[in-house]
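Everything below belongs to start_28.txt, which stores compact mmCIF, C-alpha atoms.
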```
# COMPACT_ATOMS: atom_id res chain seq x y z
CA MET A 1 30.32 -24.17 -31.42
CA THR A 2 31.43 -27.47 -29.85
CA THR A 3 32.09 -25.80 -26.48
CA ARG A 4 28.48 -24.65 -26.27
CA ARG A 5 26.95 -28.13 -26.81
CA PRO A 6 27.57 -29.47 -23.27
CA PHE A 7 26.06 -26.29 -21.80
CA LEU A 8 23.09 -26.49 -24.18
CA CYS A 9 22.50 -30.20 -23.40
CA ALA A 10 22.80 -29.60 -19.66
CA SER A 11 20.37 -26.67 -19.87
CA LEU A 12 17.94 -28.74 -21.88
CA LEU A 13 18.09 -31.60 -19.33
CA VAL A 14 17.51 -29.22 -16.41
CA GLY A 15 14.53 -27.72 -18.25
CA VAL A 16 12.99 -31.13 -18.94
CA ALA A 17 13.53 -32.25 -15.33
CA THR A 18 11.93 -29.04 -14.07
CA LEU A 19 8.98 -29.47 -16.42
CA LEU A 20 8.49 -33.11 -15.37
CA GLY A 21 8.67 -32.11 -11.71
CA ALA A 22 6.05 -29.42 -12.26
CA CYS A 23 3.75 -31.95 -13.93
CA ALA A 24 3.99 -34.47 -11.09
CA SER A 25 1.01 -34.17 -8.81
CA SER A 26 1.42 -33.70 -5.10
CA PRO A 27 -0.21 -36.34 -2.92
CA GLU A 28 -3.46 -35.31 -1.32
CA VAL A 29 -3.19 -34.88 2.43
CA VAL A 30 -6.27 -35.88 4.43
CA LYS A 31 -7.23 -35.41 8.05
CA PRO A 32 -6.82 -38.69 9.90
CA ALA A 33 -9.97 -40.56 10.81
CA THR A 34 -11.29 -40.07 14.31
CA ASP A 35 -11.64 -43.07 16.62
CA ALA A 36 -15.41 -42.96 16.02
CA GLN A 37 -14.99 -42.93 12.22
CA ARG A 38 -12.53 -45.82 12.36
CA ALA A 39 -14.87 -47.78 14.68
CA ALA A 40 -17.84 -47.19 12.36
CA LEU A 41 -15.92 -48.38 9.30
CA LEU A 42 -12.57 -50.16 9.39
CA ASP A 43 -12.98 -51.78 12.80
CA GLN A 44 -16.17 -53.45 11.60
CA ILE A 45 -14.35 -54.86 8.58
CA LYS A 46 -11.45 -55.98 10.79
CA SER A 47 -13.94 -57.93 12.90
CA LEU A 48 -14.63 -60.10 9.84
CA GLU A 49 -11.12 -61.60 9.95
CA GLY A 50 -11.34 -65.30 9.20
CA THR A 51 -12.99 -67.68 6.76
CA TRP A 52 -16.61 -67.27 5.63
CA THR A 53 -18.80 -69.79 3.82
CA MET A 54 -21.99 -69.68 1.79
CA LEU A 55 -24.26 -72.03 -0.11
CA ASP A 56 -23.58 -72.28 -3.84
CA GLU A 57 -26.24 -72.66 -6.54
CA ASN A 58 -26.39 -76.44 -5.78
CA GLY A 59 -26.89 -75.95 -2.04
CA GLN A 60 -23.32 -77.00 -1.25
CA THR A 61 -21.27 -75.13 1.36
CA ILE A 62 -18.26 -73.40 -0.21
CA THR A 63 -15.60 -71.00 1.02
CA ALA A 64 -16.92 -67.61 -0.05
CA SER A 65 -14.37 -65.20 1.46
CA VAL A 66 -11.26 -65.07 3.58
CA PHE A 67 -10.61 -61.79 5.41
CA THR A 68 -7.08 -60.98 6.65
CA VAL A 69 -5.96 -57.89 8.56
CA SER A 70 -2.64 -56.63 7.17
CA SER A 71 -0.22 -53.68 7.04
CA ASN A 72 -0.06 -53.09 10.80
CA GLY A 73 -3.85 -53.14 11.07
CA SER A 74 -4.45 -50.43 8.47
CA VAL A 75 -5.76 -52.70 5.70
CA VAL A 76 -8.14 -55.62 5.40
CA ARG A 77 -7.70 -57.94 2.44
CA GLU A 78 -10.61 -60.12 1.34
CA ILE A 79 -10.15 -63.00 -1.08
CA MET A 80 -13.50 -63.96 -2.62
CA PHE A 81 -13.89 -67.55 -3.89
CA PRO A 82 -10.27 -68.50 -3.11
CA GLY A 83 -8.75 -70.98 -5.53
CA GLN A 84 -11.62 -70.70 -8.01
CA PRO A 85 -11.23 -69.43 -11.60
CA HIS A 86 -13.32 -66.37 -10.65
CA GLU A 87 -11.28 -65.58 -7.50
CA MET A 88 -11.30 -61.85 -6.71
CA THR A 89 -9.63 -59.59 -4.15
CA ASN A 90 -11.00 -56.64 -2.20
CA VAL A 91 -8.77 -54.30 -0.21
CA TYR A 92 -10.36 -52.07 2.46
CA HIS A 93 -8.62 -49.09 4.09
CA MET A 94 -9.36 -45.70 5.58
CA ASP A 95 -8.82 -42.54 3.53
CA GLY A 96 -9.25 -39.77 6.05
CA PRO A 97 -12.79 -39.96 7.48
CA THR A 98 -13.99 -42.35 4.75
CA MET A 99 -13.22 -45.96 3.93
CA VAL A 100 -12.28 -47.14 0.45
CA VAL A 101 -12.60 -50.61 -1.02
CA THR A 102 -10.85 -51.48 -4.26
CA HIS A 103 -12.40 -54.51 -5.94
CA TYR A 104 -9.91 -56.43 -8.11
CA CYS A 105 -12.53 -57.99 -10.37
CA ALA A 106 -12.27 -61.23 -12.33
CA VAL A 107 -13.14 -59.23 -15.49
CA GLY A 108 -9.85 -57.33 -15.08
CA ASN A 109 -10.93 -53.86 -13.98
CA GLN A 110 -10.55 -52.35 -10.52
CA PRO A 111 -13.50 -50.28 -9.33
CA ARG A 112 -13.04 -48.26 -6.18
CA MET A 113 -15.94 -47.51 -3.87
CA ARG A 114 -16.10 -45.21 -0.86
CA ALA A 115 -18.11 -45.31 2.36
CA LEU A 116 -18.86 -42.70 4.99
CA PRO A 117 -19.85 -43.55 8.54
CA GLY A 118 -23.59 -44.21 8.40
CA ASP A 119 -26.53 -43.86 10.73
CA THR A 120 -27.22 -47.59 10.95
CA PRO A 121 -24.81 -49.60 13.10
CA GLY A 122 -23.65 -52.75 11.34
CA VAL A 123 -24.38 -51.45 7.84
CA ILE A 124 -21.67 -50.01 5.59
CA VAL A 125 -22.72 -48.53 2.25
CA PHE A 126 -20.04 -48.12 -0.42
CA GLU A 127 -20.72 -45.95 -3.46
CA PHE A 128 -18.79 -45.80 -6.73
CA ASP A 129 -15.73 -43.54 -6.68
CA SER A 130 -13.58 -44.46 -9.70
CA VAL A 131 -12.33 -47.36 -11.81
CA THR A 132 -9.04 -48.32 -13.42
CA ASN A 133 -8.32 -50.56 -16.40
CA MET A 134 -11.79 -50.21 -17.87
CA THR A 135 -11.24 -50.88 -21.57
CA LYS A 136 -14.60 -49.86 -23.03
CA PRO A 137 -17.32 -47.44 -21.90
CA ASP A 138 -20.02 -50.11 -21.48
CA GLU A 139 -17.78 -52.68 -19.76
CA HIS A 140 -19.17 -54.51 -16.75
CA ARG A 141 -17.95 -53.10 -13.42
CA MET A 142 -19.00 -53.19 -9.81
CA GLY A 143 -20.26 -49.88 -8.54
CA GLY A 144 -21.91 -50.45 -5.19
CA LEU A 145 -21.51 -52.62 -2.12
CA VAL A 146 -23.60 -52.82 1.03
CA LEU A 147 -22.24 -54.88 3.91
CA THR A 148 -24.79 -55.77 6.57
CA MET A 149 -23.37 -57.36 9.70
CA LYS A 150 -26.37 -59.28 11.04
CA ASP A 151 -24.34 -60.58 13.99
CA ALA A 152 -20.76 -61.72 14.67
CA ASP A 153 -21.22 -64.83 12.51
CA HIS A 154 -23.53 -63.66 9.68
CA VAL A 155 -22.92 -61.01 7.02
CA VAL A 156 -24.82 -60.12 3.87
CA ALA A 157 -22.78 -58.62 1.02
CA SER A 158 -24.96 -56.97 -1.64
CA TRP A 159 -23.07 -56.02 -4.81
CA THR A 160 -24.46 -53.84 -7.62
CA SER A 161 -22.92 -54.00 -11.08
CA TYR A 162 -23.09 -51.54 -13.93
CA ALA A 163 -22.54 -51.47 -17.68
CA GLY A 164 -21.71 -47.91 -18.58
CA ASP A 165 -24.02 -45.71 -16.49
CA LYS A 166 -26.83 -48.26 -16.27
CA THR A 167 -27.45 -50.69 -13.44
CA GLU A 168 -26.77 -54.15 -14.80
CA GLY A 169 -27.91 -56.14 -11.79
CA SER A 170 -27.16 -57.08 -8.23
CA VAL A 171 -26.14 -60.16 -6.33
CA GLU A 172 -26.38 -60.94 -2.65
CA PHE A 173 -24.07 -63.27 -0.74
CA GLU A 174 -25.14 -64.54 2.66
CA LEU A 175 -21.92 -65.33 4.49
CA THR A 176 -21.53 -67.46 7.62
CA ARG A 177 -18.37 -67.54 9.70
CA ALA A 178 -16.68 -70.95 9.40
CA ARG A 179 -16.09 -72.83 12.64
```
Could you render the structure as structure tokens?
Amino acid sequence: MTTRRPFLCASLLVGVATLLGACASSPEVVKPATDAQRAALLDQIKSLEGTWTMLDENGQTITASVFTVSSNGSVVREIMFPGQPHEMTNVYHMDGPTMVVTHYCAVGNQPRMRALPGDTPGVIVFEFDSVTNMTKPDEHRMGGLVLTMKDADHVVASWTSYAGDKTEGSVEFELTRAR
């Protein structure tokens, strides 16, 4: 009986490893974005690289966002309200012909929104895709973002928030490129 135990244990380990391998999902392969799709989406976000200001509720100019191109030009990282207690991070990147933004929210969840190339130059509309770390069904989360590039130095970011499936509200930030 003792000579069979190593064989039994080895067989059991191989079976578990095979089962775990079968349960692992394969990564989804997407068609790469065309030059036109990249120009309509990521290149517009890349053009925002730099520091952006806005007026706060007291009419004072504050740093609203800092955009940085990263990862060999494949990602744009935005830090909203840098250094403030409610600092948040957004990461933009292409996913095939679409662009994804993950919003690392101050409330602790991470909604992901997706945009397709649109018909209006200078306007990118992101719609809710998924969310991670949402701890209750009615928890506040962002679910929509519209970026309107008015010109090279002025952008309007319109965010829509949700609680559960209901629109909770929206906020608009008028950003000006810092000199």
Protein/DNA/RNA residues near (-7.0, -41.7, 9.0), cut 10 Å, only C-alpha atoms, as a list in words: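 Taken together, the residues in range are Val30, Lys31, Pro32, Ala33, Thr34, Asp35, Gln37, Arg38, Ser74, His93, Met94, Asp95, Gly96, Pro97, Thr98 and Met99 of chain A.
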I'd like to know which of A:Met149, A:Leu48, A:Ala106, A:Met134 is closest to Ala163 of chain A, using only C-alpha atoms.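 Between A:Met149, A:Leu48, A:Ala106, A:Met134, the residue approaching Ala163 of chain A most closely is A:Met134.
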Which residue gives the smallest distance to Glu87 of chain A among A:Leu42, A:Val146, A:Val107, A:Met113, with all atoms listed in the file counted?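 Residue with the minimum atom-to-atom distance to Glu87 of chain A: A:Val107.
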Close residues, segment 164-170 of chain A itself excluded, 12 Å, all atoms listed in the file, min 3 positions apart in chain, as a ChimeraX atom specification: /A:128,131,134-146,157-161,173
Interatomic distance between atom CA of Gln84 of chain A and atom CA of Lys46 of chain A?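 Calculated distance between atom CA of Gln84 of chain A and atom CA of Lys46 of chain A is 23.9 Å.
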Atom-to-atom span, atom CA of Leu175 of chain A and atom CA of Ile79 of chain A, Å: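 Going from atom CA of Leu175 of chain A over to atom CA of Ile79 of chain A, I get 13.2 Å.
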Point-to-point distance from atom CA of Val69 of chain A to atom CA of Glu174 of chain A, Å rounded to tenths: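 Atom CA of Val69 of chain A sits 21.1 Å away from atom CA of Glu174 of chain A.
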Using all atoms listed in the file, find the one residue out of A:Ala178, A:Val91, A:Leu147, A:Val155 that sits nearest to Thr63 of chain A.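 When distances to Thr63 of chain A are compared using all atoms listed in the file, the smallest one comes from A:Ala178.
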Using all atoms listed in the file, collect all residues at a distance of at most 6 Å from (-14.4, -53.4, -1.0) as written in the file, then present them as a VMD selection string. chain A and resid 90 to 92 101 to 103
